[in-house]
file query28.txt (compact mmCIF, N, CA and C atoms)
# COMPACT_ATOMS: atom_id res chain seq x y z
N MET A 4 30.66 62.15 -4.14
CA MET A 4 30.90 62.32 -2.73
C MET A 4 30.11 63.53 -2.25
N PRO A 5 28.88 63.30 -1.80
CA PRO A 5 28.05 64.42 -1.33
C PRO A 5 28.55 65.00 -0.01
N GLN A 6 28.86 66.29 -0.05
CA GLN A 6 29.30 66.99 1.15
C GLN A 6 28.08 67.34 2.00
N ILE A 7 28.18 67.12 3.31
CA ILE A 7 27.09 67.48 4.22
C ILE A 7 27.35 68.90 4.72
N PHE A 8 28.46 69.10 5.41
CA PHE A 8 28.88 70.43 5.83
C PHE A 8 30.29 70.33 6.39
N LYS A 9 30.88 71.49 6.69
CA LYS A 9 32.21 71.56 7.27
C LYS A 9 32.12 72.07 8.69
N ILE A 10 33.00 71.56 9.52
CA ILE A 10 33.14 72.05 10.89
C ILE A 10 34.62 72.35 11.06
N GLY A 11 34.95 73.62 11.13
CA GLY A 11 36.36 73.99 11.15
C GLY A 11 37.00 73.49 9.86
N GLY A 12 38.09 72.78 9.96
CA GLY A 12 38.75 72.23 8.79
C GLY A 12 38.30 70.83 8.43
N TYR A 13 37.28 70.31 9.14
CA TYR A 13 36.83 68.93 8.92
C TYR A 13 35.60 68.90 8.01
N LEU A 14 35.64 68.00 7.05
CA LEU A 14 34.55 67.81 6.11
C LEU A 14 33.74 66.59 6.53
N LEU A 15 32.42 66.75 6.62
CA LEU A 15 31.50 65.63 6.84
C LEU A 15 30.84 65.34 5.50
N TYR A 16 30.84 64.07 5.10
CA TYR A 16 30.34 63.71 3.78
C TYR A 16 29.83 62.28 3.77
N PHE A 17 29.05 61.98 2.73
CA PHE A 17 28.64 60.60 2.45
C PHE A 17 29.56 60.08 1.36
N TRP A 18 29.86 58.81 1.42
CA TRP A 18 30.59 58.18 0.32
C TRP A 18 29.56 57.77 -0.71
N SER A 19 29.68 58.23 -1.92
CA SER A 19 28.62 58.06 -2.92
C SER A 19 28.50 56.64 -3.45
N ASN A 20 29.51 55.83 -3.31
CA ASN A 20 29.46 54.46 -3.82
C ASN A 20 29.32 53.49 -2.65
N GLU A 21 28.21 53.58 -1.94
CA GLU A 21 27.98 52.71 -0.80
C GLU A 21 27.64 51.29 -1.26
N GLU A 22 27.68 50.38 -0.33
CA GLU A 22 27.44 48.96 -0.62
C GLU A 22 25.99 48.70 -1.03
N ASP A 23 25.77 47.53 -1.62
CA ASP A 23 24.43 47.08 -1.96
C ASP A 23 24.21 45.77 -1.24
N PRO A 24 23.33 45.66 -0.28
CA PRO A 24 22.33 46.67 0.08
C PRO A 24 22.97 47.87 0.80
N LEU A 25 22.28 48.98 0.71
CA LEU A 25 22.76 50.23 1.29
C LEU A 25 22.92 50.10 2.80
N GLU A 26 24.05 50.60 3.29
CA GLU A 26 24.30 50.58 4.74
C GLU A 26 23.36 51.56 5.45
N PRO A 27 23.21 51.41 6.76
CA PRO A 27 22.41 52.38 7.53
C PRO A 27 23.03 53.77 7.46
N VAL A 28 22.26 54.78 7.86
CA VAL A 28 22.69 56.18 7.80
C VAL A 28 24.00 56.36 8.56
N HIS A 29 24.98 56.91 7.88
CA HIS A 29 26.27 57.22 8.49
C HIS A 29 26.96 58.31 7.66
N PHE A 30 28.00 58.87 8.22
CA PHE A 30 28.80 59.85 7.49
C PHE A 30 30.27 59.61 7.79
N HIS A 31 31.10 60.19 6.95
CA HIS A 31 32.55 60.10 7.10
C HIS A 31 33.07 61.49 7.44
N ILE A 32 34.23 61.52 8.10
CA ILE A 32 34.87 62.78 8.48
C ILE A 32 36.33 62.73 8.07
N THR A 33 36.80 63.83 7.47
CA THR A 33 38.21 63.93 7.13
C THR A 33 38.66 65.38 7.19
N ASP A 34 39.95 65.57 7.37
CA ASP A 34 40.51 66.91 7.27
C ASP A 34 41.41 66.98 6.04
N GLY A 35 41.30 65.97 5.20
CA GLY A 35 42.09 65.91 3.97
C GLY A 35 41.22 65.50 2.81
N VAL A 36 41.78 64.69 1.95
CA VAL A 36 41.06 64.20 0.78
C VAL A 36 40.05 63.14 1.22
N PRO A 37 38.78 63.28 0.82
CA PRO A 37 37.77 62.29 1.19
C PRO A 37 38.10 60.90 0.63
N THR A 38 37.97 59.90 1.49
CA THR A 38 38.16 58.51 1.09
C THR A 38 37.06 57.68 1.75
N LYS A 39 36.87 56.49 1.21
CA LYS A 39 35.88 55.57 1.77
C LYS A 39 36.24 55.14 3.19
N ASP A 40 37.52 55.10 3.50
CA ASP A 40 37.99 54.60 4.79
C ASP A 40 38.24 55.68 5.84
N ALA A 41 37.78 56.91 5.58
CA ALA A 41 37.94 57.97 6.58
C ALA A 41 37.06 57.64 7.79
N THR A 42 37.27 58.35 8.87
CA THR A 42 36.49 58.17 10.09
C THR A 42 35.01 58.02 9.75
N LYS A 43 34.36 57.02 10.38
CA LYS A 43 32.97 56.70 10.06
C LYS A 43 32.12 56.76 11.32
N VAL A 44 30.96 57.43 11.21
CA VAL A 44 30.06 57.62 12.34
C VAL A 44 28.64 57.22 11.93
N TRP A 45 28.04 56.32 12.70
CA TRP A 45 26.65 55.92 12.47
C TRP A 45 25.72 56.91 13.13
N MET A 46 24.57 57.18 12.52
CA MET A 46 23.51 57.97 13.13
C MET A 46 22.44 56.99 13.62
N THR A 47 21.97 57.16 14.85
CA THR A 47 20.92 56.29 15.36
C THR A 47 19.56 56.95 15.12
N LYS A 48 18.53 56.14 15.21
CA LYS A 48 17.18 56.64 15.00
C LYS A 48 16.82 57.71 16.04
N SER A 49 17.37 57.57 17.24
CA SER A 49 17.07 58.53 18.31
C SER A 49 17.89 59.81 18.23
N GLY A 50 18.78 59.91 17.24
CA GLY A 50 19.52 61.15 17.03
C GLY A 50 20.93 61.18 17.57
N HIS A 51 21.42 60.04 18.01
CA HIS A 51 22.78 59.99 18.55
C HIS A 51 23.78 59.54 17.50
N CYS A 52 25.04 59.79 17.78
CA CYS A 52 26.13 59.34 16.93
C CYS A 52 26.86 58.20 17.62
N LEU A 53 27.22 57.19 16.85
CA LEU A 53 28.04 56.08 17.34
C LEU A 53 29.27 55.98 16.45
N LEU A 54 30.43 56.03 17.06
CA LEU A 54 31.66 55.94 16.30
C LEU A 54 31.87 54.52 15.80
N CYS A 55 31.98 54.36 14.51
CA CYS A 55 32.28 53.06 13.92
C CYS A 55 33.80 52.83 13.97
N HIS A 56 34.56 53.82 13.47
CA HIS A 56 36.02 53.78 13.56
C HIS A 56 36.58 55.18 13.32
N ASN A 57 37.79 55.39 13.77
CA ASN A 57 38.46 56.69 13.62
C ASN A 57 39.74 56.51 12.83
N LYS A 58 39.63 56.03 11.61
CA LYS A 58 40.81 55.79 10.77
C LYS A 58 41.49 57.07 10.31
N SER A 59 40.80 58.21 10.44
CA SER A 59 41.42 59.50 10.10
C SER A 59 42.26 60.04 11.26
N ASN A 60 42.22 59.33 12.39
CA ASN A 60 42.99 59.71 13.58
C ASN A 60 42.68 61.14 14.05
N ILE A 61 41.41 61.48 14.09
CA ILE A 61 40.99 62.79 14.58
C ILE A 61 41.15 62.79 16.10
N PRO A 62 41.79 63.82 16.65
CA PRO A 62 41.95 63.86 18.11
C PRO A 62 40.59 63.72 18.81
N GLN A 63 40.58 62.99 19.91
CA GLN A 63 39.34 62.66 20.61
C GLN A 63 38.51 63.88 20.97
N HIS A 64 39.13 64.94 21.46
CA HIS A 64 38.37 66.13 21.86
C HIS A 64 37.71 66.81 20.65
N LYS A 65 38.37 66.78 19.49
CA LYS A 65 37.78 67.35 18.28
C LYS A 65 36.68 66.45 17.74
N LEU A 66 36.90 65.15 17.80
CA LEU A 66 35.90 64.20 17.33
C LEU A 66 34.63 64.31 18.16
N LYS A 67 34.76 64.46 19.47
CA LYS A 67 33.58 64.61 20.33
C LYS A 67 32.79 65.85 19.95
N LYS A 68 33.49 66.96 19.72
CA LYS A 68 32.82 68.21 19.34
C LYS A 68 32.10 68.04 18.00
N ILE A 69 32.73 67.41 17.03
CA ILE A 69 32.12 67.17 15.71
C ILE A 69 30.87 66.31 15.87
N MET A 70 30.97 65.25 16.66
CA MET A 70 29.83 64.36 16.86
C MET A 70 28.69 65.07 17.60
N ASP A 71 29.01 65.94 18.55
CA ASP A 71 27.98 66.73 19.24
C ASP A 71 27.24 67.62 18.25
N ILE A 72 27.97 68.26 17.36
CA ILE A 72 27.35 69.12 16.35
C ILE A 72 26.50 68.29 15.41
N ALA A 73 27.01 67.12 15.01
CA ALA A 73 26.24 66.23 14.11
C ALA A 73 24.94 65.79 14.80
N GLU A 74 24.99 65.49 16.08
CA GLU A 74 23.77 65.11 16.80
C GLU A 74 22.76 66.25 16.80
N ALA A 75 23.24 67.47 16.98
CA ALA A 75 22.36 68.64 16.96
C ALA A 75 21.75 68.86 15.58
N ARG A 76 22.41 68.36 14.54
CA ARG A 76 21.94 68.52 13.16
C ARG A 76 21.45 67.19 12.58
N HIS A 77 21.03 66.29 13.45
CA HIS A 77 20.60 64.95 13.06
C HIS A 77 19.59 64.97 11.92
N LYS A 78 18.53 65.75 12.07
CA LYS A 78 17.48 65.80 11.05
C LYS A 78 18.04 66.24 9.71
N PHE A 79 18.89 67.24 9.72
CA PHE A 79 19.50 67.74 8.48
C PHE A 79 20.30 66.63 7.80
N ILE A 80 21.10 65.89 8.57
CA ILE A 80 21.93 64.82 8.01
C ILE A 80 21.05 63.71 7.44
N VAL A 81 20.05 63.29 8.20
CA VAL A 81 19.15 62.22 7.74
C VAL A 81 18.39 62.66 6.49
N ASP A 82 17.93 63.90 6.46
CA ASP A 82 17.24 64.41 5.27
C ASP A 82 18.17 64.41 4.05
N LYS A 83 19.42 64.82 4.23
CA LYS A 83 20.40 64.81 3.13
C LYS A 83 20.64 63.38 2.65
N TRP A 84 20.73 62.44 3.61
CA TRP A 84 20.91 61.03 3.26
C TRP A 84 19.76 60.55 2.38
N HIS A 85 18.54 60.82 2.84
CA HIS A 85 17.35 60.39 2.11
C HIS A 85 17.29 61.05 0.72
N GLU A 86 17.62 62.31 0.66
CA GLU A 86 17.63 63.03 -0.62
C GLU A 86 18.60 62.38 -1.60
N TYR A 87 19.74 61.94 -1.11
CA TYR A 87 20.77 61.38 -2.00
C TYR A 87 20.53 59.90 -2.30
N PHE A 88 20.27 59.09 -1.26
CA PHE A 88 20.19 57.64 -1.42
C PHE A 88 18.76 57.11 -1.60
N LYS A 89 17.76 57.94 -1.31
CA LYS A 89 16.34 57.59 -1.51
C LYS A 89 15.82 56.50 -0.57
N GLU A 90 16.50 56.23 0.51
CA GLU A 90 16.02 55.31 1.53
C GLU A 90 16.72 55.61 2.85
N ILE A 91 16.11 55.16 3.93
CA ILE A 91 16.67 55.37 5.26
C ILE A 91 16.57 54.09 6.05
N ARG A 92 17.69 53.67 6.61
CA ARG A 92 17.76 52.59 7.60
C ARG A 92 18.72 53.06 8.66
N PHE A 93 18.48 52.67 9.89
CA PHE A 93 19.35 53.06 10.98
C PHE A 93 20.08 51.86 11.55
N TYR A 94 21.28 52.10 12.06
CA TYR A 94 22.08 51.06 12.70
C TYR A 94 21.36 50.55 13.93
N CYS A 95 20.78 51.47 14.69
CA CYS A 95 19.97 51.11 15.86
C CYS A 95 19.11 52.28 16.25
call {"tool": "encode", "arguments": {"input": "query28.txt", "output": "structure tokens"}}
result
Amino acid sequence: MPQIFKIGGYLLYFWSNEEDPLEPVHFHITDGVPTKDATKVWMTKSGHCLLCHNKSNIPQHKLKKIMDIAEARHKFIVDKWHEYFKEIRFYC
């Protein structure tokens, strides 16, 4: 479970056992133990975040702030993805 970074008490991470074929660039968010089903956010090629689902039930105002920070760090996240998974595909 590669950790990307923390924002407050929230951990942004990749799930290390992704599907085959590999899903497009995305990350998970949790304030507890990392799981495959934690809140999932897609990264777009243009640098935006798209919420896939919020199964961690992160309050909307906190989730927006986390996604804004992730958008500002888009290149860092995509580079970490490529470093770990060795390929890049985007949802859109």
call {"tool": "residues_around", "arguments": {"input": "query28.txt", "residues": "stretch 45-56 of chain A", "least_positions_apart": "3", "cutoff": "8 Å", "atoms": "all atoms listed in the file", "output": "mmCIF file with N, CA and C atoms, keeping the file's coordinate frame"}}
result
data_model
loop_
_atom_site.group_PDB
_atom_site.id
_atom_site.type_symbol
_atom_site.label_atom_id
_atom_site.label_comp_id
_atom_site.auth_asym_id
_atom_site.auth_seq_id
_atom_site.Cartn_x
_atom_site.Cartn_y
_atom_site.Cartn_z
ATOM 1 N N PRO A 27 23.210 51.410 6.760
ATOM 2 C CA PRO A 27 22.410 52.380 7.530
ATOM 3 C C PRO A 27 23.030 53.770 7.460
ATOM 4 N N VAL A 28 22.260 54.780 7.860
ATOM 5 C CA VAL A 28 22.690 56.180 7.800
ATOM 6 C C VAL A 28 24.000 56.360 8.560
ATOM 7 N N HIS A 29 24.980 56.910 7.880
ATOM 8 C CA HIS A 29 26.270 57.220 8.490
ATOM 9 C C HIS A 29 26.960 58.310 7.660
ATOM 10 N N PHE A 30 28.000 58.870 8.220
ATOM 11 C CA PHE A 30 28.800 59.850 7.490
ATOM 12 C C PHE A 30 30.270 59.610 7.790
ATOM 13 N N HIS A 31 31.100 60.190 6.950
ATOM 14 C CA HIS A 31 32.550 60.100 7.100
ATOM 15 C C HIS A 31 33.070 61.490 7.440
ATOM 16 N N ASP A 40 37.520 55.100 3.500
ATOM 17 C CA ASP A 40 37.990 54.600 4.790
ATOM 18 C C ASP A 40 38.240 55.680 5.840
ATOM 19 N N ALA A 41 37.780 56.910 5.580
ATOM 20 C CA ALA A 41 37.940 57.970 6.580
ATOM 21 C C ALA A 41 37.060 57.640 7.790
ATOM 22 N N THR A 42 37.270 58.350 8.870
ATOM 23 C CA THR A 42 36.490 58.170 10.090
ATOM 24 C C THR A 42 35.010 58.020 9.750
ATOM 25 N N SER A 59 40.800 58.210 10.440
ATOM 26 C CA SER A 59 41.420 59.500 10.100
ATOM 27 C C SER A 59 42.260 60.040 11.260
ATOM 28 N N ASN A 60 42.220 59.330 12.390
ATOM 29 C CA ASN A 60 42.990 59.710 13.580
ATOM 30 C C ASN A 60 42.680 61.140 14.050
ATOM 31 N N ILE A 61 41.410 61.480 14.090
ATOM 32 C CA ILE A 61 40.990 62.790 14.580
ATOM 33 C C ILE A 61 41.150 62.790 16.100
ATOM 34 N N MET A 70 30.970 65.250 16.660
ATOM 35 C CA MET A 70 29.830 64.360 16.860
ATOM 36 C C MET A 70 28.690 65.070 17.600
ATOM 37 N N ASP A 71 29.010 65.940 18.550
ATOM 38 C CA ASP A 71 27.980 66.730 19.240
ATOM 39 C C ASP A 71 27.240 67.620 18.250
ATOM 40 N N ALA A 73 27.010 67.120 15.010
ATOM 41 C CA ALA A 73 26.240 66.230 14.110
ATOM 42 C C ALA A 73 24.940 65.790 14.800
ATOM 43 N N GLU A 74 24.990 65.490 16.080
ATOM 44 C CA GLU A 74 23.770 65.110 16.800
ATOM 45 C C GLU A 74 22.760 66.250 16.800
ATOM 46 N N ALA A 75 23.240 67.470 16.980
ATOM 47 C CA ALA A 75 22.360 68.640 16.960
ATOM 48 C C ALA A 75 21.750 68.860 15.580
ATOM 49 N N ARG A 76 22.410 68.360 14.540
ATOM 50 C CA ARG A 76 21.940 68.520 13.160
ATOM 51 C C ARG A 76 21.450 67.190 12.580
ATOM 52 N N HIS A 77 21.030 66.290 13.450
ATOM 53 C CA HIS A 77 20.600 64.950 13.060
ATOM 54 C C HIS A 77 19.590 64.970 11.920
ATOM 55 N N LYS A 78 18.530 65.750 12.070
ATOM 56 C CA LYS A 78 17.480 65.800 11.050
ATOM 57 C C LYS A 78 18.040 66.240 9.710
ATOM 58 N N ARG A 92 17.690 53.670 6.610
ATOM 59 C CA ARG A 92 17.760 52.590 7.600
ATOM 60 C C ARG A 92 18.720 53.060 8.660
ATOM 61 N N PHE A 93 18.480 52.670 9.890
ATOM 62 C CA PHE A 93 19.350 53.060 10.980
ATOM 63 C C PHE A 93 20.080 51.860 11.550
ATOM 64 N N TYR A 94 21.280 52.100 12.060
ATOM 65 C CA TYR A 94 22.080 51.060 12.700
ATOM 66 C C TYR A 94 21.360 50.550 13.930
ATOM 67 N N CYS A 95 20.780 51.470 14.690
ATOM 68 C CA CYS A 95 19.970 51.110 15.860
ATOM 69 C C CYS A 95 19.110 52.280 16.250
#
call {"tool": "atom_distance", "arguments": {"input": "query28.txt", "atom1": "atom N of A:Asn57", "atom2": "atom N of A:Lys43"}}
result
5.1 Å
call {"tool": "atom_distance", "arguments": {"input": "query28.txt", "atom1": "atom C of A:Lys67", "atom2": "atom C of A:Ser19"}}
result
25.5 Å
call {"tool": "select_by_dssp", "arguments": {"input": "query28.txt", "residues": "chain A", "states": "alpha helix (DSSP H)", "output": "list in words"}}
result
Gln63, His64, Lys65, Leu66, Lys67, Lys68, Ile69, Met70, Asp71, Ile72, Ala73, Glu74, Ala75, His77, Lys78, Phe79, Ile80, Val81, Asp82, Lys83, Trp84, His85, Glu86, Tyr87 and Phe88 of chain A
call {"tool": "select_by_dssp", "arguments": {"input": "query28.txt", "residues": "chain A", "states": "strand (DSSP E or B)", "output": "MDAnalysis selection string"}}
result
chainID A and resid 6:10 13:16 29:33 42:46 52:56
call {"tool": "closest_residue", "arguments": {"input": "query28.txt", "among": "A:Lys68, A:Gln63, A:Lys89, A:Ile32", "to": "A:Tyr16", "atoms": "all atoms listed in the file"}}
result
A:Ile32
call {"tool": "residues_near_point", "arguments": {"input": "query28.txt", "point": "(41.0, 71.8, 9.3)", "cutoff": "8 Å", "atoms": "only N, CA and C atoms", "output": "PyMOL selection string"}}
result
chain A and resi 10-14+33-35
call {"tool": "atom_distance", "arguments": {"input": "query28.txt", "atom1": "atom N of A:Val81", "atom2": "atom N of A:Lys65"}}
result
21.8 Å
call {"tool": "axis_aligned_box", "arguments": {"input": "query28.txt", "around": "stretch 31-43 of chain A", "padding_each_side": "6 Å", "output": "AutoDock Vina command-line options"}}
result
--center_x 36.6 --center_y 60.8 --center_z 6.0 --size_x 23.0 --size_y 24.4 --size_z 22.7
